[in-house]
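> This is query.pdb, which holds PDB, C-alpha atoms:
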```
ATOM      1  CA  MET H 276      36.832  16.229 -47.144
ATOM      2  CA  THR H 277      33.881  16.193 -44.737
ATOM      3  CA  PRO H 278      30.705  14.151 -45.492
ATOM      4  CA  LYS H 279      28.794  17.420 -45.962
ATOM      5  CA  GLN H 280      31.312  18.635 -48.530
ATOM      6  CA  ALA H 281      31.180  15.262 -50.327
ATOM      7  CA  GLN H 282      27.411  15.538 -50.633
ATOM      8  CA  LYS H 283      27.822  18.847 -52.494
ATOM      9  CA  LEU H 284      30.058  17.310 -55.151
ATOM     10  CA  THR H 285      28.512  16.686 -58.557
ATOM     11  CA  ILE H 286      29.366  14.325 -61.384
ATOM     12  CA  LEU H 287      31.014  17.281 -63.131
ATOM     13  CA  ASP H 288      33.287  17.803 -60.108
ATOM     14  CA  ILE H 289      34.287  14.131 -60.155
ATOM     15  CA  ALA H 290      34.950  14.358 -63.908
ATOM     16  CA  LYS H 291      37.268  17.338 -63.437
ATOM     17  CA  LEU H 292      39.147  15.668 -60.588
ATOM     18  CA  ALA H 293      39.603  12.484 -62.622
ATOM     19  CA  GLY H 294      40.449  14.300 -65.832
ATOM     20  CA  VAL H 295      37.678  12.670 -67.839
ATOM     21  CA  GLY H 296      34.369  13.711 -69.340
ATOM     22  CA  LYS H 297      31.111  13.864 -67.428
ATOM     23  CA  SER H 298      29.651  11.073 -69.576
ATOM     24  CA  THR H 299      32.541   8.797 -68.630
ATOM     25  CA  VAL H 300      31.782   9.257 -64.927
ATOM     26  CA  SER H 301      28.129   8.463 -65.617
ATOM     27  CA  ARG H 302      29.114   5.265 -67.398
ATOM     28  CA  VAL H 303      31.350   4.240 -64.507
ATOM     29  CA  LEU H 304      28.502   4.840 -62.027
ATOM     30  CA  THR H 305      26.135   2.752 -64.137
ATOM     31  CA  HIS H 306      28.692  -0.056 -64.559
ATOM     32  CA  ASP H 307      28.845   0.325 -68.325
ATOM     33  CA  PRO H 308      31.186  -2.475 -69.567
ATOM     34  CA  ARG H 309      32.462  -0.228 -72.374
ATOM     35  CA  VAL H 310      34.588   1.841 -69.979
ATOM     36  CA  LYS H 311      38.272   0.898 -70.138
ATOM     37  CA  PRO H 312      39.516  -0.773 -66.913
ATOM     38  CA  ALA H 313      42.240   1.845 -66.377
ATOM     39  CA  THR H 314      39.771   4.705 -66.762
ATOM     40  CA  ARG H 315      37.262   2.996 -64.480
ATOM     41  CA  GLU H 316      39.899   2.549 -61.783
ATOM     42  CA  LYS H 317      40.951   6.222 -62.022
ATOM     43  CA  VAL H 318      37.365   7.450 -61.648
ATOM     44  CA  GLU H 319      36.558   4.993 -58.860
ATOM     45  CA  GLN H 320      39.675   6.087 -56.970
ATOM     46  CA  VAL H 321      38.539   9.723 -57.105
ATOM     47  CA  ILE H 322      35.079   8.676 -55.906
ATOM     48  CA  ARG H 323      36.569   6.720 -53.005
ATOM     49  CA  GLU H 324      38.947   9.465 -51.960
ATOM     50  CA  SER H 325      36.319  12.210 -52.202
ATOM     51  CA  GLY H 326      33.606  10.224 -50.433
ATOM     52  CA  TYR H 327      31.201  11.121 -53.223
ATOM     53  CA  VAL H 328      27.809   9.339 -53.038
ATOM     54  CA  PRO H 329      25.755   9.440 -56.274
ATOM     55  CA  SER H 330      22.089  10.328 -55.996
ATOM     56  CA  LYS H 331      19.921   7.442 -57.136
ATOM     57  CA  SER H 332      16.998   9.725 -57.838
ATOM     58  CA  ALA H 333      19.193  11.993 -59.938
ATOM     59  CA  GLN H 334      20.479   9.023 -61.935
ATOM     60  CA  SER H 335      16.889   7.923 -62.542
ATOM     61  CA  MET H 336      15.803  11.367 -63.746
ATOM     62  CA  ARG H 337      18.742  11.484 -66.158
ATOM     63  CA  GLY H 338      17.537   8.199 -67.622
ATOM     64  CA  GLY H 339      20.543   6.299 -66.324
ATOM     65  CA  ASN H 340      20.548   3.257 -64.073
ATOM     66  CA  SER H 341      18.702   3.826 -60.821
ATOM     67  CA  ARG H 342      20.324   0.854 -59.042
ATOM     68  CA  VAL H 343      16.820  -0.352 -58.242
ATOM     69  CA  ILE H 344      15.220  -3.673 -59.164
ATOM     70  CA  GLY H 345      11.472  -4.206 -59.184
ATOM     71  CA  ILE H 346      10.162  -7.434 -57.632
ATOM     72  CA  LEU H 347       6.588  -8.341 -58.475
ATOM     73  CA  VAL H 348       5.217 -11.120 -56.246
ATOM     74  CA  SER H 349       1.832 -12.721 -56.747
ATOM     75  CA  ARG H 350       0.967 -12.761 -53.032
ATOM     76  CA  LEU H 351       2.705 -10.916 -50.203
ATOM     77  CA  ASP H 352       1.578 -13.640 -47.764
ATOM     78  CA  SER H 353       3.000 -16.522 -49.813
ATOM     79  CA  PRO H 354       5.597 -18.459 -47.728
ATOM     80  CA  SER H 355       7.206 -19.885 -50.878
ATOM     81  CA  GLU H 356       7.539 -16.514 -52.612
ATOM     82  CA  ASN H 357       8.834 -14.919 -49.421
ATOM     83  CA  LYS H 358      11.639 -17.496 -49.320
ATOM     84  CA  ALA H 359      12.497 -16.720 -52.934
ATOM     85  CA  VAL H 360      12.401 -12.966 -52.261
ATOM     86  CA  ARG H 361      14.904 -13.408 -49.434
ATOM     87  CA  GLY H 362      17.224 -15.108 -51.908
ATOM     88  CA  ILE H 363      16.731 -12.288 -54.418
ATOM     89  CA  LEU H 364      17.428  -9.574 -51.850
ATOM     90  CA  GLU H 365      20.601 -11.264 -50.621
ATOM     91  CA  VAL H 366      22.037 -11.160 -54.143
ATOM     92  CA  ILE H 367      20.919  -7.694 -55.238
ATOM     93  CA  TYR H 368      21.849  -6.023 -51.946
ATOM     94  CA  ALA H 369      25.346  -7.491 -52.268
ATOM     95  CA  ALA H 370      25.478  -5.941 -55.753
ATOM     96  CA  ASP H 371      24.444  -2.535 -54.326
ATOM     97  CA  TYR H 372      20.899  -2.526 -55.708
ATOM     98  CA  ASP H 373      17.748  -1.551 -53.849
ATOM     99  CA  ALA H 374      14.360  -3.210 -54.316
ATOM    100  CA  VAL H 375      10.793  -2.132 -54.940
ATOM    101  CA  ILE H 376       8.330  -4.916 -54.085
ATOM    102  CA  MET H 377       4.791  -4.948 -55.494
ATOM    103  CA  GLU H 378       1.934  -7.476 -55.500
ATOM    104  CA  SER H 379       0.094  -8.718 -58.602
ATOM    105  CA  GLN H 380      -2.638 -10.699 -56.810
ATOM    106  CA  PHE H 381      -2.625 -13.113 -59.787
ATOM    107  CA  CYS H 382      -4.160 -10.337 -61.892
ATOM    108  CA  THR H 383      -2.883  -9.644 -65.417
ATOM    109  CA  ASP H 384      -4.235  -6.072 -65.461
ATOM    110  CA  LYS H 385      -2.649  -5.253 -62.113
ATOM    111  CA  THR H 386       0.627  -6.768 -63.296
ATOM    112  CA  ARG H 387       0.542  -4.571 -66.387
ATOM    113  CA  GLU H 388      -0.141  -1.481 -64.249
ATOM    114  CA  HIS H 389       2.734  -2.279 -61.890
ATOM    115  CA  ILE H 390       5.147  -2.865 -64.773
ATOM    116  CA  ALA H 391       4.169   0.532 -66.225
ATOM    117  CA  VAL H 392       4.896   2.200 -62.872
ATOM    118  CA  LEU H 393       8.284   0.479 -62.617
ATOM    119  CA  GLU H 394       9.121   1.580 -66.161
ATOM    120  CA  LYS H 395       8.318   5.204 -65.310
ATOM    121  CA  ARG H 396      10.546   4.950 -62.255
ATOM    122  CA  ASN H 397      13.401   3.815 -64.504
ATOM    123  CA  VAL H 398      14.174   0.722 -62.477
ATOM    124  CA  ASP H 399      17.073  -1.239 -63.901
ATOM    125  CA  GLY H 400      15.249  -4.542 -64.217
ATOM    126  CA  VAL H 401      12.393  -6.641 -62.884
ATOM    127  CA  ILE H 402      11.873 -10.085 -61.395
ATOM    128  CA  VAL H 403       8.299 -11.294 -61.713
ATOM    129  CA  PHE H 404       6.621 -14.288 -60.072
ATOM    130  CA  GLY H 405       4.488 -15.802 -62.812
ATOM    131  CA  PHE H 406       1.040 -17.360 -62.499
ATOM    132  CA  SER H 407      -1.481 -19.177 -64.685
ATOM    133  CA  GLY H 408      -2.435 -16.934 -67.579
ATOM    134  CA  PHE H 409       0.615 -14.714 -67.136
ATOM    135  CA  ASP H 410       1.380 -12.883 -70.396
ATOM    136  CA  CYS H 411       5.086 -12.313 -71.042
ATOM    137  CA  ALA H 412       4.197  -9.561 -73.529
ATOM    138  CA  ILE H 413       3.650  -7.378 -70.469
ATOM    139  CA  LEU H 414       7.425  -7.348 -70.081
ATOM    140  CA  ASP H 415       8.164  -6.069 -73.596
ATOM    141  CA  SER H 416       9.379  -2.741 -72.179
ATOM    142  CA  PHE H 417      11.976  -4.643 -70.141
ATOM    143  CA  THR H 418      13.524  -6.628 -72.984
ATOM    144  CA  GLN H 419      16.666  -8.376 -71.686
ATOM    145  CA  ARG H 420      16.060  -6.792 -68.280
ATOM    146  CA  ALA H 421      13.525  -9.220 -66.816
ATOM    147  CA  VAL H 422      13.421 -12.677 -65.242
ATOM    148  CA  VAL H 423      10.265 -14.661 -64.526
ATOM    149  CA  ILE H 424      10.051 -17.146 -61.645
ATOM    150  CA  ALA H 425       7.814 -20.242 -61.427
ATOM    151  CA  VAL H 426       6.502 -20.432 -65.017
ATOM    152  CA  ASP H 427       8.103 -21.378 -68.318
ATOM    153  CA  THR H 428       8.525 -18.595 -70.851
ATOM    154  CA  ASP H 429       9.789 -18.283 -74.414
ATOM    155  CA  SER H 430      10.859 -14.666 -74.782
ATOM    156  CA  VAL H 431      12.017 -13.853 -71.235
ATOM    157  CA  SER H 432      14.644 -15.526 -69.067
ATOM    158  CA  SER H 433      13.137 -17.702 -66.359
ATOM    159  CA  VAL H 434      13.744 -19.890 -63.330
ATOM    160  CA  SER H 435      11.110 -22.594 -62.966
ATOM    161  CA  TYR H 436      10.567 -25.346 -60.409
ATOM    162  CA  ASP H 437      10.833 -29.064 -61.070
ATOM    163  CA  ASN H 438       7.147 -29.804 -60.481
ATOM    164  CA  LYS H 439       7.456 -33.368 -61.727
ATOM    165  CA  GLY H 440      10.601 -34.108 -59.747
ATOM    166  CA  MET H 441       9.208 -32.902 -56.420
ATOM    167  CA  ILE H 442       6.192 -35.251 -56.618
ATOM    168  CA  PHE H 443       8.386 -38.122 -57.813
ATOM    169  CA  LEU H 444      10.609 -37.596 -54.753
ATOM    170  CA  ALA H 445       7.635 -37.818 -52.380
ATOM    171  CA  MET H 446       6.235 -40.902 -54.125
ATOM    172  CA  ALA H 447       9.650 -42.591 -54.064
ATOM    173  CA  GLN H 448       9.877 -42.086 -50.304
ATOM    174  CA  PHE H 449       6.605 -43.925 -49.819
ATOM    175  CA  THR H 450       7.066 -46.678 -52.399
ATOM    176  CA  GLY H 451      10.563 -47.243 -51.006
ATOM    177  CA  LYS H 452       8.858 -48.227 -47.751
ATOM    178  CA  GLY H 453       6.741 -50.738 -49.639
ATOM    179  CA  LEU H 454       3.564 -48.633 -49.531
ATOM    180  CA  LYS H 455       1.053 -49.209 -52.329
ATOM    181  CA  HIS H 456      -2.076 -47.325 -51.263
ATOM    182  CA  ILE H 457      -1.016 -43.718 -51.842
ATOM    183  CA  SER H 458      -3.553 -40.938 -52.413
ATOM    184  CA  TYR H 459      -3.009 -37.417 -53.688
ATOM    185  CA  MET H 460      -4.332 -33.992 -52.668
ATOM    186  CA  GLY H 461      -3.849 -31.341 -55.321
ATOM    187  CA  VAL H 462      -4.864 -28.004 -56.738
ATOM    188  CA  ASP H 463      -7.328 -27.278 -59.532
ATOM    189  CA  PRO H 464      -5.597 -28.296 -62.803
ATOM    190  CA  ALA H 465      -6.467 -24.844 -64.168
ATOM    191  CA  ASP H 466      -3.289 -23.871 -62.301
ATOM    192  CA  ARG H 467      -0.738 -25.310 -64.719
ATOM    193  CA  THR H 468       2.190 -25.652 -62.310
ATOM    194  CA  THR H 469       0.975 -26.463 -58.793
ATOM    195  CA  GLY H 470      -2.177 -27.948 -60.313
ATOM    196  CA  GLN H 471      -1.790 -29.799 -63.613
ATOM    197  CA  LEU H 472       1.941 -30.579 -63.676
ATOM    198  CA  ARG H 473       2.038 -31.979 -60.135
ATOM    199  CA  LEU H 474      -1.122 -34.029 -60.671
ATOM    200  CA  ASP H 475       0.338 -35.436 -63.897
ATOM    201  CA  ALA H 476       3.486 -36.404 -62.004
ATOM    202  CA  TYR H 477       1.440 -38.289 -59.395
ATOM    203  CA  LEU H 478      -0.490 -40.169 -62.091
ATOM    204  CA  GLU H 479       2.731 -41.031 -63.927
ATOM    205  CA  ALA H 480       4.356 -42.314 -60.736
ATOM    206  CA  CYS H 481       1.264 -44.412 -59.999
ATOM    207  CA  ALA H 482       1.427 -45.940 -63.492
ATOM    208  CA  GLN H 483       5.120 -46.785 -63.061
ATOM    209  CA  GLN H 484       4.552 -48.412 -59.670
ATOM    210  CA  HIS H 485       1.233 -50.102 -60.613
ATOM    211  CA  ILE H 486      -0.655 -48.108 -57.990
ATOM    212  CA  GLU H 487      -4.373 -47.383 -58.304
ATOM    213  CA  PRO H 488      -4.688 -43.555 -58.328
ATOM    214  CA  CYS H 489      -6.916 -41.862 -55.799
ATOM    215  CA  TYR H 490      -6.949 -38.083 -55.814
ATOM    216  CA  GLN H 491      -8.871 -34.870 -55.292
ATOM    217  CA  THR H 492      -8.122 -31.314 -56.414
ATOM    218  CA  GLY H 493      -9.445 -28.067 -54.982
ATOM    219  CA  GLU H 494      -8.305 -24.659 -53.838
ATOM    220  CA  LEU H 495      -4.815 -23.919 -52.539
ATOM    221  CA  SER H 496      -5.972 -23.565 -48.940
ATOM    222  CA  TYR H 497      -5.983 -25.422 -45.613
ATOM    223  CA  ASP H 498      -9.765 -25.499 -45.572
ATOM    224  CA  SER H 499     -10.069 -27.007 -49.044
ATOM    225  CA  ALA H 500      -7.637 -29.833 -48.249
ATOM    226  CA  TYR H 501      -9.252 -30.440 -44.852
ATOM    227  CA  THR H 502     -12.690 -30.755 -46.448
ATOM    228  CA  LEU H 503     -11.525 -33.054 -49.268
ATOM    229  CA  THR H 504      -9.429 -35.420 -47.136
ATOM    230  CA  ASP H 505     -12.235 -37.906 -46.500
ATOM    231  CA  ALA H 506     -12.649 -38.317 -50.274
ATOM    232  CA  VAL H 507      -9.101 -39.699 -50.657
ATOM    233  CA  LEU H 508      -9.142 -41.746 -47.459
ATOM    234  CA  SER H 509     -10.068 -45.391 -46.966
ATOM    235  CA  THR H 510      -9.209 -48.081 -44.484
ATOM    236  CA  GLN H 511      -6.374 -49.146 -46.806
ATOM    237  CA  THR H 512      -4.815 -45.701 -47.292
ATOM    238  CA  GLN H 513      -1.172 -45.670 -46.192
ATOM    239  CA  ALA H 514      -0.007 -42.240 -47.361
ATOM    240  CA  ILE H 515      -1.221 -39.012 -48.934
ATOM    241  CA  VAL H 516       1.007 -36.924 -51.201
ATOM    242  CA  CYS H 517       0.076 -33.231 -51.203
ATOM    243  CA  ALA H 518       0.917 -30.642 -53.850
ATOM    244  CA  SER H 519       1.914 -28.079 -51.204
ATOM    245  CA  ASP H 520       2.560 -27.706 -47.494
ATOM    246  CA  THR H 521      -0.613 -25.663 -47.181
ATOM    247  CA  LEU H 522      -2.631 -28.648 -48.381
ATOM    248  CA  ALA H 523      -0.571 -31.033 -46.245
ATOM    249  CA  MET H 524      -1.481 -29.083 -43.103
ATOM    250  CA  GLY H 525      -5.174 -29.315 -43.914
ATOM    251  CA  VAL H 526      -4.896 -33.054 -44.591
ATOM    252  CA  ALA H 527      -2.811 -33.705 -41.461
ATOM    253  CA  LYS H 528      -5.310 -31.788 -39.321
ATOM    254  CA  ARG H 529      -8.195 -33.928 -40.568
ATOM    255  CA  LEU H 530      -6.222 -37.145 -40.068
ATOM    256  CA  GLN H 531      -5.406 -36.034 -36.541
ATOM    257  CA  GLU H 532      -9.097 -35.580 -35.784
ATOM    258  CA  LEU H 533      -9.831 -39.049 -37.204
ATOM    259  CA  ASN H 534      -6.942 -40.519 -35.189
ATOM    260  CA  ARG H 535      -5.422 -41.959 -38.379
ATOM    261  CA  THR H 536      -1.828 -41.980 -37.137
ATOM    262  CA  ASP H 537      -1.125 -44.831 -39.555
ATOM    263  CA  VAL H 538      -1.317 -42.525 -42.587
ATOM    264  CA  LEU H 539       1.864 -40.694 -43.661
ATOM    265  CA  VAL H 540       1.645 -37.267 -45.317
ATOM    266  CA  SER H 541       4.055 -35.381 -47.574
ATOM    267  CA  GLY H 542       3.989 -31.753 -48.671
ATOM    268  CA  VAL H 543       5.982 -29.409 -50.878
ATOM    269  CA  GLY H 544       7.609 -26.274 -49.541
ATOM    270  CA  ALA H 545       9.952 -27.238 -46.681
ATOM    271  CA  THR H 546       7.795 -25.407 -44.152
ATOM    272  CA  ASP H 547       9.265 -26.049 -40.689
ATOM    273  CA  LEU H 548       5.858 -25.662 -39.069
ATOM    274  CA  LEU H 549       4.431 -28.699 -40.888
ATOM    275  CA  GLN H 550       6.580 -31.367 -39.253
ATOM    276  CA  PHE H 551       6.643 -29.478 -35.945
ATOM    277  CA  MET H 552       2.852 -29.652 -35.681
ATOM    278  CA  PHE H 553       2.402 -33.027 -37.381
ATOM    279  CA  PRO H 554       5.310 -35.462 -36.764
ATOM    280  CA  ASN H 555       3.946 -38.020 -39.246
ATOM    281  CA  THR H 556       4.804 -35.738 -42.172
ATOM    282  CA  PHE H 557       7.712 -34.571 -44.296
ATOM    283  CA  SER H 558       8.086 -31.885 -46.941
ATOM    284  CA  VAL H 559       9.999 -31.772 -50.226
ATOM    285  CA  ASP H 560      12.184 -28.686 -50.592
ATOM    286  CA  PRO H 561      11.631 -27.089 -54.043
ATOM    287  CA  GLY H 562      14.591 -24.760 -53.495
ATOM    288  CA  TYR H 563      12.646 -21.497 -53.267
ATOM    289  CA  PHE H 564      15.522 -19.541 -51.698
ATOM    290  CA  ASP H 565      18.022 -20.876 -54.237
ATOM    291  CA  ALA H 566      15.624 -20.088 -57.079
ATOM    292  CA  GLY H 567      15.461 -16.486 -55.888
ATOM    293  CA  GLN H 568      19.234 -16.257 -55.838
ATOM    294  CA  ARG H 569      19.533 -17.774 -59.307
ATOM    295  CA  ALA H 570      16.894 -15.404 -60.695
ATOM    296  CA  ALA H 571      18.738 -12.399 -59.247
ATOM    297  CA  ASP H 572      22.103 -13.626 -60.571
ATOM    298  CA  LEU H 573      20.540 -14.145 -63.989
ATOM    299  CA  LEU H 574      19.065 -10.648 -64.040
ATOM    300  CA  LEU H 575      22.390  -9.097 -63.011
ATOM    301  CA  GLN H 576      24.049 -10.925 -65.918
ATOM    302  CA  HIS H 577      21.552  -9.303 -68.267
ATOM    303  CA  LEU H 578      22.175  -5.875 -66.753
ATOM    304  CA  ARG H 579      25.955  -6.185 -67.007
ATOM    305  CA  GLN H 580      26.084  -7.534 -70.534
ATOM    306  CA  SER H 581      23.848  -8.502 -73.414
ATOM    307  CA  ALA H 582      23.128 -12.097 -72.369
ATOM    308  CA  ASP H 583      20.950 -14.569 -74.229
ATOM    309  CA  VAL H 584      17.507 -15.513 -72.932
ATOM    310  CA  THR H 585      18.165 -18.328 -70.455
ATOM    311  CA  HIS H 586      15.847 -20.885 -68.850
ATOM    312  CA  LEU H 587      16.866 -22.581 -65.602
ATOM    313  CA  VAL H 588      15.115 -25.335 -63.638
ATOM    314  CA  GLN H 589      15.540 -25.371 -59.862
ATOM    315  CA  ARG H 590      15.893 -28.954 -58.634
ATOM    316  CA  SER H 591      14.035 -30.211 -55.583
ATOM    317  CA  CYS H 592      15.493 -32.166 -52.673
ATOM    318  CA  LEU H 593      14.431 -33.967 -49.532
ATOM    319  CA  PRO H 594      15.024 -32.322 -46.135
ATOM    320  CA  PHE H 595      16.980 -35.343 -44.872
TER     321      PHE H 595
END
```
Taking this structure as input, can you express it in the form of structure tokens?

Amino acid sequence: MTPKQAQKLTILDIAKLAGVGKSTVSRVLTHDPRVKPATREKVEQVIRESGYVPSKSAQSMRGGNSRVIGILVSRLDSPSENKAVRGILEVIYAADYDAVIMESQFCTDKTREHIAVLEKRNVDGVIVFGFSGFDCAILDSFTQRAVVIAVDTDSVSSVSYDNKGMIFLAMAQFTGKGLKHISYMGVDPADRTTGQLRLDAYLEACAQQHIEPCYQTGELSYDSAYTLTDAVLSTQTQAIVCASDTLAMGVAKRLQELNRTDVLVSGVGATDLLQFMFPNTFSVDPGYFDAGQRAADLLLQHLRQSADVTHLVQRSCLPF
């Protein structure tokens, strides 16, 4: 059969060739686990031999699975989220799903609007990058078909980052060298994850190691960290732990201008550019790519079977 002839085939044609009902073919195409293995194999063999390619748009209009997953990032220019998205795409492409990527801009109303659009498009499921103030009720229409990344949730499956562990790793690297004058550059605690949780981890590590805390918090930007560096710097300062690589770059730039090559800097994010530009730095790897893969695997489990709400924590590691 030629490709042109295969394109003209319908689900009804496949059903007749396989000797089953039209609904059975639909269930096979949508990977319904209720189809008996022998029946599935018979239908799939006909599909392979005929070269039939199902129309995703037609499946969507019928209310069946569209083989599309919505991905809602908070910022399209976020290096960390881009790494996670690459992990997501690797998994869902291998499972023969397409992706629709949208941006929330940390806005609850915009997130709600995007979710409504994805629901109308009959996407199979959604993966959402959470943010401070994120309301899981927005995902009610995607019950058991959603996974949230970066924030803890109660009603929706999630993959969160080990915010405490990543700061503990950085502090351990410095205290292991015998350093005692360690400052911290963070984000406004109004941001629960990058802000409050990572600051709390720094303060806890200081208490354990009998270190006098010295810290500043501001915006998640190079400029903010650059401007605030002098406030956490003294003649005794030996190292500065930063809540992100973005902040670490701002701090390292200011230290470079002050010719403070004696001060070590750590970041979070495993950004290659950080150590390339500033050799006196290192970055903790939160596992963004792996978190994306785990989120996609978790969502596929929900789509294939009725799985329980699951919460995973992605562990951090050092790049050496």
> So that each row is one residue of region 376-479 of chain H with an atom at most 12 Å from region 492-495 of chain H, can you give its shortest atom pair and the distance in Å to one decimal, using only C-alpha atoms, rows by chain and rising number, as a tab-separated table?

```
residue	atom	partner	partner_atom	distance
H:Ser458	CA	H:Thr492	CA	11.4
H:Tyr459	CA	H:Thr492	CA	8.4
H:Met460	CA	H:Thr492	CA	6.0
H:Gly461	CA	H:Thr492	CA	4.4
H:Val462	CA	H:Thr492	CA	4.7
H:Asp463	CA	H:Gly493	CA	5.1
H:Pro464	CA	H:Thr492	CA	7.5
H:Ala465	CA	H:Gly493	CA	10.2
H:Asp466	CA	H:Glu494	CA	9.9
H:Thr469	CA	H:Leu495	CA	8.9
H:Gly470	CA	H:Thr492	CA	7.9
H:Gln471	CA	H:Thr492	CA	9.7
H:Arg473	CA	H:Thr492	CA	10.8
H:Leu474	CA	H:Thr492	CA	8.6
```
> Could you give me the axis-aligned bounding box of region 380-396 of chain H, with 5 Å of padding per side, as centre plus edge lengths in Å to one decimal, as lines of an AutoDock Vina configuration file?

```
center_x = 3.2
center_y = -4.0
center_z = -61.6
size_x = 24.8
size_y = 28.3
size_z = 19.6
```
> Quick one: apply the PyMOL selection byres ((chain H and resi 523) around 9) to the file and drop the selected residues here as a list in words.
Met460, Tyr497, Ala500, Tyr501, Ile515, Val516, Cys517, Ala518, Ser519, Asp520, Thr521, Leu522, Met524, Gly525, Val526, Ala527, Lys528, Val540, Ser541, Gly542, Val543, Leu549, Thr556 and Ser558 of chain H
> Report the residues retrieved by the PyMOL selection byres ((chain H and resi 580) around 12) from the displayed file, expressed as a list in words.
His306, Asp307, Pro308, Arg309, Gln419, Arg420, Leu573, Leu574, Leu575, Gln576, His577, Leu578, Arg579, Ser581, Ala582, Asp583 and Val584 of chain H
> Using the chain letters and numbering of this document, enumerate as a list in words the residues selected by the PyMOL selection byres ((chain H and resi 505) around 10).
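What the PyMOL selection byres ((chain H and resi 505) around 10) grabs from the file is Gln491, Ala500, Tyr501, Thr502, Leu503, Thr504, Ala506, Val507, Leu508, Ser509, Val526, Arg529, Leu530 and Leu533 of chain H.
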> Between H:Ser430, H:Thr383, H:Gln511, H:Gln568, which residue has the minimum interatomic distance to Tyr368 (chain H), considering only C-alpha atoms?
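Nearest to Tyr368 (chain H): H:Gln568.
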> Under the rule that all atoms listed in the file are counted, which of H:Ala391, H:Val375, H:Val321, H:Val310 is the nearest residue to Lys291 (chain H)?
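Smallest separation from Lys291 (chain H) among the options: H:Val321.
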> Between CA of Asn438 (chain H) and CA of Cys592 (chain H), what distance in Å does the model show, to one decimal?
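Distance between the two atoms: 11.7 Å.
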> Calculate how many Å separate CA of Glu487 (chain H) from CA of Asp437 (chain H), rounding to one decimal.
24.0 Å
> As an exercise, work out the distance from CA of Asp560 (chain H) to CA of Asp547 (chain H) in Å and give it to one decimal place.
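Separation of CA of Asp560 (chain H) and CA of Asp547 (chain H): 10.7 Å.
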> Under the rule that only C-alpha atoms are counted, which of H:Leu478, H:Ile344, H:Ala447, H:Val559 is the nearest residue to Asp399 (chain H)?
H:Ile344
> Find the residues near Ala359 (chain H): any atom within 8 Å, counting all atoms listed in the file, skip ones fewer than 3 places away on the same chain, and give them as a list in words.
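Residues meeting the cut-off are Ser355, Glu356, Gly362, Ile363, Tyr563, Phe564, Asp565, Ala566, Gly567 and Gln568 of chain H.
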> Between H:Phe449, H:Tyr327, H:Phe417, H:Tyr436, which is the closest to Leu472 (chain H) once you count only C-alpha atoms?
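Checking each candidate against Leu472 (chain H), we get H:Tyr436 as the closest.
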> Would you mind completing region 538-549 of chain H to N, CA and C atoms and writing the output as a PDB file, keeping the file's coordinate frame?

```
ATOM      1  N   VAL H 538      -1.439 -43.107 -41.251  1.00  0.00           N
ATOM      2  CA  VAL H 538      -1.317 -42.525 -42.587  1.00  0.00           C
ATOM      3  C   VAL H 538      -0.195 -41.480 -42.611  1.00  0.00           C
ATOM      4  N   LEU H 539       0.781 -41.654 -43.508  1.00  0.00           N
ATOM      5  CA  LEU H 539       1.864 -40.694 -43.661  1.00  0.00           C
ATOM      6  C   LEU H 539       1.441 -39.598 -44.644  1.00  0.00           C
ATOM      7  N   VAL H 540       2.003 -38.407 -44.463  1.00  0.00           N
ATOM      8  CA  VAL H 540       1.645 -37.267 -45.317  1.00  0.00           C
ATOM      9  C   VAL H 540       2.912 -36.564 -45.780  1.00  0.00           C
ATOM     10  N   SER H 541       2.941 -36.189 -47.062  1.00  0.00           N
ATOM     11  CA  SER H 541       4.055 -35.381 -47.574  1.00  0.00           C
ATOM     12  C   SER H 541       3.515 -34.087 -48.159  1.00  0.00           C
ATOM     13  N   GLY H 542       4.340 -33.043 -48.086  1.00  0.00           N
ATOM     14  CA  GLY H 542       3.989 -31.753 -48.671  1.00  0.00           C
ATOM     15  C   GLY H 542       5.108 -31.262 -49.571  1.00  0.00           C
ATOM     16  N   VAL H 543       4.957 -30.053 -50.054  1.00  0.00           N
ATOM     17  CA  VAL H 543       5.982 -29.409 -50.878  1.00  0.00           C
ATOM     18  C   VAL H 543       6.156 -27.986 -50.367  1.00  0.00           C
ATOM     19  N   GLY H 544       7.373 -27.632 -50.008  1.00  0.00           N
ATOM     20  CA  GLY H 544       7.609 -26.274 -49.541  1.00  0.00           C
ATOM     21  C   GLY H 544       8.623 -26.135 -48.433  1.00  0.00           C
ATOM     22  N   ALA H 545       8.963 -27.255 -47.774  1.00  0.00           N
ATOM     23  CA  ALA H 545       9.952 -27.238 -46.681  1.00  0.00           C
ATOM     24  C   ALA H 545       9.565 -26.278 -45.569  1.00  0.00           C
ATOM     25  N   THR H 546       8.281 -26.250 -45.247  1.00  0.00           N
ATOM     26  CA  THR H 546       7.795 -25.407 -44.152  1.00  0.00           C
ATOM     27  C   THR H 546       8.085 -26.085 -42.820  1.00  0.00           C
ATOM     28  N   ASP H 547       8.880 -25.452 -41.972  1.00  0.00           N
ATOM     29  CA  ASP H 547       9.265 -26.049 -40.689  1.00  0.00           C
ATOM     30  C   ASP H 547       8.046 -26.357 -39.816  1.00  0.00           C
ATOM     31  N   LEU H 548       7.031 -25.520 -39.918  1.00  0.00           N
ATOM     32  CA  LEU H 548       5.858 -25.662 -39.069  1.00  0.00           C
ATOM     33  C   LEU H 548       5.116 -26.969 -39.324  1.00  0.00           C
ATOM     34  N   LEU H 549       5.169 -27.488 -40.542  1.00  0.00           N
ATOM     35  CA  LEU H 549       4.431 -28.699 -40.888  1.00  0.00           C
ATOM     36  C   LEU H 549       4.848 -29.881 -40.021  1.00  0.00           C
TER      37      LEU H 549
END
```
